[in-house]
Structure formats: C-alpha cells, structure tokens
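Colleague: Following this line is query26.txt, made up of compact mmCIF, N, CA and C atoms:
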# COMPACT_ATOMS: atom_id res chain seq x y z
N MET A 80 104.51 118.92 87.40
CA MET A 80 103.67 119.07 88.57
C MET A 80 103.63 117.74 89.33
N THR A 81 103.65 117.85 90.63
CA THR A 81 103.64 116.65 91.46
C THR A 81 102.23 116.07 91.56
N ASP A 82 102.15 114.75 91.56
CA ASP A 82 100.86 114.07 91.65
C ASP A 82 100.21 114.22 93.03
N TRP A 83 101.02 114.40 94.05
CA TRP A 83 100.45 114.42 95.40
C TRP A 83 100.10 115.82 95.90
N LEU A 84 100.32 116.82 95.06
CA LEU A 84 99.99 118.20 95.43
C LEU A 84 99.23 118.84 94.27
N PRO A 85 97.98 118.41 94.03
CA PRO A 85 97.24 118.90 92.86
C PRO A 85 96.86 120.38 92.99
N VAL A 86 96.87 121.05 91.85
CA VAL A 86 96.59 122.49 91.82
C VAL A 86 95.18 122.79 92.32
N ASN A 87 94.22 121.93 92.09
CA ASN A 87 92.86 122.18 92.59
C ASN A 87 92.84 122.27 94.12
N ASN A 88 93.60 121.43 94.78
CA ASN A 88 93.69 121.50 96.24
C ASN A 88 94.38 122.78 96.69
N MET A 89 95.42 123.19 95.96
CA MET A 89 96.11 124.42 96.32
C MET A 89 95.21 125.64 96.13
N LEU A 90 94.40 125.63 95.07
CA LEU A 90 93.45 126.73 94.84
C LEU A 90 92.49 126.86 96.01
N LEU A 91 91.95 125.75 96.46
CA LEU A 91 91.02 125.78 97.60
C LEU A 91 91.73 126.23 98.87
N TRP A 92 92.89 125.66 99.12
CA TRP A 92 93.62 125.95 100.35
C TRP A 92 94.00 127.43 100.43
N CYS A 93 94.43 127.97 99.32
CA CYS A 93 94.87 129.38 99.29
C CYS A 93 93.72 130.35 99.06
N ARG A 94 92.53 129.82 98.85
CA ARG A 94 91.33 130.65 98.60
C ARG A 94 91.56 131.60 97.42
N GLU A 95 92.11 131.05 96.36
CA GLU A 95 92.42 131.84 95.17
C GLU A 95 91.34 131.64 94.10
N VAL A 96 91.21 132.64 93.24
CA VAL A 96 90.31 132.56 92.10
C VAL A 96 90.93 131.61 91.08
N ASP A 97 90.11 130.75 90.51
CA ASP A 97 90.59 129.77 89.55
C ASP A 97 90.68 130.40 88.16
N ASN A 98 91.90 130.72 87.76
CA ASN A 98 92.15 131.18 86.39
C ASN A 98 93.52 130.68 85.97
N ASP A 99 93.85 130.83 84.70
CA ASP A 99 95.11 130.28 84.18
C ASP A 99 96.33 130.86 84.89
N ASP A 100 96.32 132.16 85.15
CA ASP A 100 97.47 132.79 85.81
C ASP A 100 97.68 132.24 87.22
N THR A 101 96.60 132.14 87.97
CA THR A 101 96.70 131.62 89.33
C THR A 101 97.15 130.17 89.33
N ARG A 102 96.60 129.37 88.42
CA ARG A 102 97.01 127.97 88.32
C ARG A 102 98.51 127.86 88.01
N GLN A 103 98.99 128.69 87.10
CA GLN A 103 100.41 128.65 86.74
C GLN A 103 101.29 129.00 87.95
N VAL A 104 100.91 130.02 88.68
CA VAL A 104 101.68 130.41 89.87
C VAL A 104 101.66 129.30 90.91
N LEU A 105 100.48 128.77 91.19
CA LEU A 105 100.38 127.73 92.22
C LEU A 105 101.07 126.44 91.79
N GLU A 106 101.04 126.09 90.52
CA GLU A 106 101.77 124.91 90.06
C GLU A 106 103.27 125.09 90.28
N SER A 107 103.75 126.28 90.01
CA SER A 107 105.17 126.56 90.23
C SER A 107 105.52 126.48 91.71
N ILE A 108 104.69 127.09 92.55
CA ILE A 108 104.91 127.01 93.99
C ILE A 108 104.83 125.56 94.45
N GLY A 109 103.85 124.82 93.95
CA GLY A 109 103.68 123.42 94.35
C GLY A 109 104.87 122.56 93.98
N ASP A 110 105.42 122.78 92.80
CA ASP A 110 106.62 122.03 92.40
C ASP A 110 107.78 122.32 93.35
N ALA A 111 107.97 123.59 93.68
CA ALA A 111 109.06 123.97 94.60
C ALA A 111 108.82 123.39 95.98
N VAL A 112 107.59 123.44 96.46
CA VAL A 112 107.27 122.90 97.78
C VAL A 112 107.50 121.38 97.81
N ALA A 113 107.10 120.67 96.78
CA ALA A 113 107.30 119.22 96.74
C ALA A 113 108.79 118.88 96.85
N ILE A 114 109.62 119.62 96.14
CA ILE A 114 111.07 119.40 96.21
C ILE A 114 111.59 119.76 97.60
N ALA A 115 111.11 120.88 98.15
CA ALA A 115 111.57 121.32 99.47
C ALA A 115 111.19 120.32 100.55
N VAL A 116 109.99 119.77 100.47
CA VAL A 116 109.56 118.79 101.48
C VAL A 116 110.42 117.53 101.38
N GLU A 117 110.70 117.04 100.16
CA GLU A 117 111.57 115.88 100.01
C GLU A 117 112.95 116.16 100.60
N LYS A 118 113.49 117.33 100.33
CA LYS A 118 114.81 117.67 100.85
C LYS A 118 114.79 117.82 102.37
N HIS A 119 113.71 118.42 102.90
CA HIS A 119 113.59 118.57 104.35
C HIS A 119 113.55 117.19 105.03
N LEU A 120 112.79 116.28 104.43
CA LEU A 120 112.66 114.95 105.01
C LEU A 120 113.85 114.06 104.72
N ASN A 121 114.62 114.42 103.71
CA ASN A 121 115.77 113.63 103.30
C ASN A 121 115.34 112.23 102.85
N ARG A 122 114.21 112.21 102.12
CA ARG A 122 113.69 110.94 101.63
C ARG A 122 112.81 111.18 100.41
N PRO A 123 112.80 110.22 99.47
CA PRO A 123 111.95 110.35 98.29
C PRO A 123 110.48 110.10 98.64
N LEU A 124 109.61 110.89 98.03
CA LEU A 124 108.17 110.78 98.29
C LEU A 124 107.44 110.35 97.03
N PHE A 125 106.41 109.54 97.22
CA PHE A 125 105.60 109.06 96.11
C PHE A 125 104.13 109.29 96.42
N ALA A 126 103.34 109.53 95.36
CA ALA A 126 101.91 109.80 95.53
C ALA A 126 101.15 108.55 95.94
N THR A 127 101.56 107.39 95.44
CA THR A 127 100.85 106.14 95.73
C THR A 127 101.84 105.01 96.00
N GLN A 128 101.32 103.97 96.62
CA GLN A 128 102.13 102.78 96.86
C GLN A 128 102.53 102.14 95.54
N ALA A 129 101.62 102.12 94.57
CA ALA A 129 101.91 101.53 93.26
C ALA A 129 103.04 102.27 92.57
N GLU A 130 103.04 103.59 92.67
CA GLU A 130 104.11 104.39 92.07
C GLU A 130 105.45 104.07 92.71
N MET A 131 105.45 103.91 94.03
CA MET A 131 106.69 103.58 94.72
C MET A 131 107.15 102.16 94.38
N ASP A 132 106.22 101.22 94.34
CA ASP A 132 106.56 99.83 94.04
C ASP A 132 107.07 99.65 92.61
N ALA A 133 106.72 100.58 91.70
CA ALA A 133 107.16 100.49 90.31
C ALA A 133 108.65 100.81 90.17
N MET A 134 109.23 101.41 91.18
CA MET A 134 110.66 101.71 91.13
C MET A 134 111.45 100.43 91.35
N ASP A 135 112.52 100.27 90.60
CA ASP A 135 113.35 99.08 90.77
C ASP A 135 114.81 99.50 90.75
N PRO A 136 115.45 99.54 91.87
CA PRO A 136 114.96 99.21 93.21
C PRO A 136 114.21 100.41 93.82
N VAL A 137 113.44 100.12 94.86
CA VAL A 137 112.76 101.19 95.60
C VAL A 137 113.83 101.96 96.36
N PRO A 138 113.86 103.28 96.22
CA PRO A 138 114.89 104.07 96.92
C PRO A 138 114.82 103.89 98.44
N GLN A 139 115.98 103.92 99.05
CA GLN A 139 116.05 103.79 100.50
C GLN A 139 115.25 104.92 101.16
N HIS A 140 114.53 104.60 102.21
CA HIS A 140 113.73 105.53 103.00
C HIS A 140 112.54 106.13 102.24
N ALA A 141 112.21 105.57 101.07
CA ALA A 141 111.07 106.08 100.30
C ALA A 141 109.79 105.88 101.08
N MET A 142 108.84 106.78 100.85
CA MET A 142 107.54 106.63 101.50
C MET A 142 106.44 107.25 100.65
N VAL A 143 105.22 106.78 100.90
CA VAL A 143 104.04 107.32 100.25
C VAL A 143 103.59 108.52 101.07
N VAL A 144 103.26 109.59 100.39
CA VAL A 144 102.81 110.81 101.06
C VAL A 144 101.50 110.52 101.79
N ASP A 145 101.44 110.89 103.05
CA ASP A 145 100.23 110.70 103.83
C ASP A 145 99.58 112.06 104.13
N PRO A 146 98.43 112.07 104.79
CA PRO A 146 97.74 113.35 105.04
C PRO A 146 98.56 114.36 105.85
N VAL A 147 99.41 113.90 106.72
CA VAL A 147 100.23 114.81 107.53
C VAL A 147 101.22 115.57 106.63
N ILE A 148 101.86 114.85 105.73
CA ILE A 148 102.82 115.49 104.82
C ILE A 148 102.07 116.44 103.87
N LYS A 149 100.91 116.03 103.40
CA LYS A 149 100.12 116.92 102.54
C LYS A 149 99.74 118.20 103.26
N GLN A 150 99.35 118.08 104.53
CA GLN A 150 98.98 119.25 105.32
C GLN A 150 100.16 120.20 105.46
N ALA A 151 101.32 119.67 105.77
CA ALA A 151 102.52 120.49 105.91
C ALA A 151 102.85 121.18 104.58
N ALA A 152 102.73 120.44 103.49
CA ALA A 152 103.00 121.03 102.17
C ALA A 152 102.03 122.16 101.87
N MET A 153 100.76 121.98 102.21
CA MET A 153 99.78 123.04 101.96
C MET A 153 100.08 124.28 102.80
N LEU A 154 100.55 124.09 104.02
CA LEU A 154 100.95 125.24 104.83
C LEU A 154 102.06 126.02 104.15
N LEU A 155 103.01 125.30 103.59
CA LEU A 155 104.12 125.96 102.92
C LEU A 155 103.68 126.60 101.60
N VAL A 156 102.80 125.95 100.86
CA VAL A 156 102.25 126.55 99.64
C VAL A 156 101.58 127.87 99.98
N SER A 157 100.75 127.86 100.99
CA SER A 157 100.04 129.08 101.40
C SER A 157 101.01 130.17 101.81
N HIS A 158 102.03 129.79 102.57
CA HIS A 158 103.04 130.76 103.02
C HIS A 158 103.74 131.41 101.82
N PHE A 159 104.16 130.59 100.86
CA PHE A 159 104.85 131.13 99.68
C PHE A 159 103.91 131.94 98.79
N ASN A 160 102.65 131.53 98.72
CA ASN A 160 101.69 132.26 97.92
C ASN A 160 101.42 133.65 98.51
N GLU A 161 101.38 133.74 99.82
CA GLU A 161 101.11 135.02 100.48
C GLU A 161 102.35 135.89 100.62
N ASN A 162 103.52 135.31 100.51
CA ASN A 162 104.78 136.04 100.73
C ASN A 162 105.69 135.86 99.52
N ARG A 163 105.28 136.46 98.41
CA ARG A 163 106.02 136.28 97.16
C ARG A 163 107.20 137.23 97.01
N GLU A 164 107.18 138.33 97.71
CA GLU A 164 108.23 139.33 97.55
C GLU A 164 109.42 139.01 98.45
N ALA A 165 110.53 139.67 98.15
CA ALA A 165 111.72 139.51 98.99
C ALA A 165 111.40 140.02 100.40
N ALA A 166 112.04 139.46 101.37
CA ALA A 166 111.78 139.83 102.76
C ALA A 166 112.21 141.27 103.03
N LEU A 167 111.34 141.99 103.68
CA LEU A 167 111.64 143.32 104.17
C LEU A 167 111.64 143.25 105.69
N GLU A 168 112.20 144.23 106.34
CA GLU A 168 112.26 144.21 107.80
C GLU A 168 110.87 144.08 108.42
N VAL A 169 109.87 144.65 107.78
CA VAL A 169 108.53 144.62 108.35
C VAL A 169 107.82 143.29 108.14
N ASN A 170 108.30 142.44 107.25
CA ASN A 170 107.61 141.16 107.05
C ASN A 170 108.53 139.95 107.17
N LEU A 171 109.58 140.06 107.96
CA LEU A 171 110.45 138.91 108.17
C LEU A 171 109.68 137.84 108.94
N GLU A 172 109.56 136.69 108.35
CA GLU A 172 108.85 135.59 108.97
C GLU A 172 109.57 134.29 108.69
N GLU A 173 109.52 133.39 109.65
CA GLU A 173 110.02 132.05 109.40
C GLU A 173 108.91 131.24 108.78
N MET A 174 109.27 130.04 108.32
CA MET A 174 108.24 129.14 107.82
C MET A 174 107.23 128.90 108.93
N PRO A 175 106.01 128.59 108.58
CA PRO A 175 105.00 128.33 109.61
C PRO A 175 105.46 127.21 110.54
N TYR A 176 105.25 127.42 111.84
CA TYR A 176 105.65 126.44 112.85
C TYR A 176 105.03 125.08 112.56
N GLY A 177 103.79 125.07 112.14
CA GLY A 177 103.10 123.81 111.87
C GLY A 177 103.81 122.96 110.84
N TYR A 178 104.48 123.58 109.89
CA TYR A 178 105.20 122.85 108.85
C TYR A 178 106.26 121.93 109.46
N THR A 179 107.14 122.49 110.26
CA THR A 179 108.20 121.67 110.85
C THR A 179 107.63 120.71 111.90
N TYR A 180 106.63 121.15 112.64
CA TYR A 180 106.00 120.28 113.63
C TYR A 180 105.43 119.03 112.96
N LEU A 181 104.75 119.22 111.83
CA LEU A 181 104.15 118.09 111.14
C LEU A 181 105.18 117.16 110.50
N LEU A 182 106.28 117.70 110.03
CA LEU A 182 107.23 116.89 109.26
C LEU A 182 108.36 116.26 110.07
N ASN A 183 108.70 116.79 111.21
CA ASN A 183 109.91 116.34 111.92
C ASN A 183 109.91 114.85 112.25
N ASP A 184 108.77 114.26 112.53
CA ASP A 184 108.75 112.82 112.84
C ASP A 184 109.05 111.95 111.64
N TYR A 185 108.92 112.47 110.45
CA TYR A 185 109.18 111.71 109.21
C TYR A 185 110.61 111.88 108.71
N ARG A 186 111.30 112.84 109.26
CA ARG A 186 112.60 113.24 108.73
C ARG A 186 113.67 112.19 109.01
N ILE A 187 114.46 111.90 107.98
CA ILE A 187 115.63 111.03 108.13
C ILE A 187 116.81 111.95 108.41
N ARG A 188 117.41 111.75 109.56
CA ARG A 188 118.55 112.60 109.93
C ARG A 188 119.82 111.84 109.63
N SER A 189 120.75 112.54 109.01
CA SER A 189 122.03 111.89 108.72
C SER A 189 122.91 111.97 109.95
N ASN A 190 123.77 111.00 110.08
CA ASN A 190 124.71 111.01 111.21
C ASN A 190 125.83 111.99 110.94
N PRO A 191 126.17 112.79 111.95
CA PRO A 191 127.26 113.77 111.74
C PRO A 191 128.60 113.12 111.53
Once you've parsed the file, please lay out its structure as structure tokens.

Modeller:
Amino acid sequence: MTDWLPVNNMLLWCREVDNDDTRQVLESIGDAVAIAVEKHLNRPLFATQAEMDAMDPVPQHAMVVDPVIKQAAMLLVSHFNENREAALEVNLEEMPYGYTYLLNDYRIRSNP
C-alpha cells in the first residue's frame, strides 16, 4: 500500500462502509492508482521529502506528492471504485476530466 494514499482517506472519499472487505478492495484500487499516476506523470512519487532524500541517488524528476496530486488520485480511486465492471455500451466513460486537468502540469513529457 502506498504511504501517500491511505485507505482511511479513500474510505471517506468514496463514502464506503469501513469493513475488511471494503478496505481490501480500496487498498488494491489505491495501489493501482498510485502506479497509474506515476506512469501518467512519468516521474517517481514520494510521500515525504525525507523519503525522497533517503534515495541515493534521488531519481531524476522525483517529487513529493502534493495536495493536487492527491486530489487527482482520489478522483481516480472513486472512478475505479464506482466502475468495477467491464465497460458496456451504456456506461462507456473516460477518466474524470479533473484527473488529467490536475496532473498535466506535473507531467514529464518525453521528446519524440
């Protein structure tokens, strides 16, 4: 489980009942979202400055997760929590617009 996306926050954000099953599902979603956000940004993320500074060497483009990144991650957690089944024609949806809006300024783009 990622340090910067605690299950207690996901429970509140998703308005879910706190039980072992829900925690397990949200932890799994949170782990996937943390990886997806890092891949979207093309940069390693750390929960704290101390955690990042402990790396030797510090990875290029590394950053500490800030409230904007946390907000985007919570949007994606909520989206995945509400849309667990395979897409059907009646529920085809893209990721929430706010997710990409919040993250695009942090993204490292590779040169073509």

Colleague: For A:Phe159, which residue among A:Val96, A:Ala141, A:Ile108, A:Leu120 is the nearest when counting only N, CA and C atoms?

Modeller: A:Ile108

Colleague: Could you write out, as an MDAnalysis selection string, all the residues of chain A that DSSP marks as strand (DSSP E or B)?

Modeller: chainID A and resid 124:125 142:143

Colleague: Restricting the calculation to all atoms listed in the file, which member of A:Gln139, A:Asn121, A:Thr127, A:Gln150 is positioned closest to A:Arg186?

Modeller: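 Ranking A:Gln139, A:Asn121, A:Thr127, A:Gln150 by distance to A:Arg186, first place goes to A:Asn121.
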
Colleague: Quick one: distance from atom N of A:Cys93 to atom N of A:Ala113 in Å, one decimal?

Modeller: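 Between these atoms lies a distance of 14.8 Å.
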
Colleague: I need the residues of chain A that end up classed as helix (DSSP H, G or I) by DSSP on the backbone, written out as a PyMOL selection string.

Modeller: chain A and resi 86-93+99-120+128-132+146-161+168-170+176-185

Colleague: Using only C-alpha atoms, which of the listed residues (A:Pro85, A:Pro138, A:Pro146, A:Gly177) sits closest to A:Arg122?

Modeller: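 Using only C-alpha atoms, the shortest distance to A:Arg122 belongs to A:Pro138.
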
Colleague: Neighbouring residues of stretch 124-126 of chain A were defined as those with any atom within 6.5 Å, considering only N, CA and C atoms; residues of the same chain fewer than 5 positions away were excluded. Please report them as a short mmCIF file (atom, residue, chain, number, x, y, z; two decimals) with N, CA and C atoms, in the coordinates of the input.

Modeller:
data_model
loop_
_atom_site.label_atom_id
_atom_site.label_comp_id
_atom_site.auth_asym_id
_atom_site.auth_seq_id
_atom_site.Cartn_x
_atom_site.Cartn_y
_atom_site.Cartn_z
N ASP A 82 102.15 114.75 91.56
CA ASP A 82 100.86 114.07 91.65
C ASP A 82 100.21 114.22 93.03
N TRP A 83 101.02 114.40 94.05
CA TRP A 83 100.45 114.42 95.40
C TRP A 83 100.10 115.82 95.90
N GLU A 117 110.70 117.04 100.16
CA GLU A 117 111.57 115.88 100.01
C GLU A 117 112.95 116.16 100.60
N MET A 131 105.45 103.91 94.03
CA MET A 131 106.69 103.58 94.72
C MET A 131 107.15 102.16 94.38
N ALA A 141 112.21 105.57 101.07
CA ALA A 141 111.07 106.08 100.30
C ALA A 141 109.79 105.88 101.08
N MET A 142 108.84 106.78 100.85
CA MET A 142 107.54 106.63 101.50
C MET A 142 106.44 107.25 100.65
N VAL A 143 105.22 106.78 100.90
CA VAL A 143 104.04 107.32 100.25
C VAL A 143 103.59 108.52 101.07
N VAL A 144 103.26 109.59 100.39
CA VAL A 144 102.81 110.81 101.06
C VAL A 144 101.50 110.52 101.79
#

Colleague: Between atom CA of A:Ala151 and atom CA of A:Leu182, what is the distance, to one decimal in Å?

Modeller: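 According to the coordinates, atom CA of A:Ala151 and atom CA of A:Leu182 are separated by 6.8 Å.
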
Colleague: Interatomic distance between atom CA of A:Leu105 and atom CA of A:Lys149?

Modeller: 14.9 Å

Colleague: Nearest to A:His140: which of A:Ile114, A:Leu90, A:Ile187, A:Leu154 is it, counting all atoms listed in the file?

Modeller: A:Ile187

Colleague: Around stretch 84-97 of chain A, fit a box with edges along x, y and z, padding it by 5 Å on each side, then list its centre and edge lengths in Å to one decimal as JSON.

Modeller:
{"center_x": 95.2, "center_y": 124.7, "center_z": 94.3, "size_x": 20.2, "size_y": 25.8, "size_z": 22.3}

Colleague: Tell me which of A:Asp110, A:Asp184, A:Glu130, A:Asp135 sits closest to A:Met153, counting only C-alpha atoms.

Modeller: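 Residue with the minimum atom-to-atom distance to A:Met153: A:Asp110.
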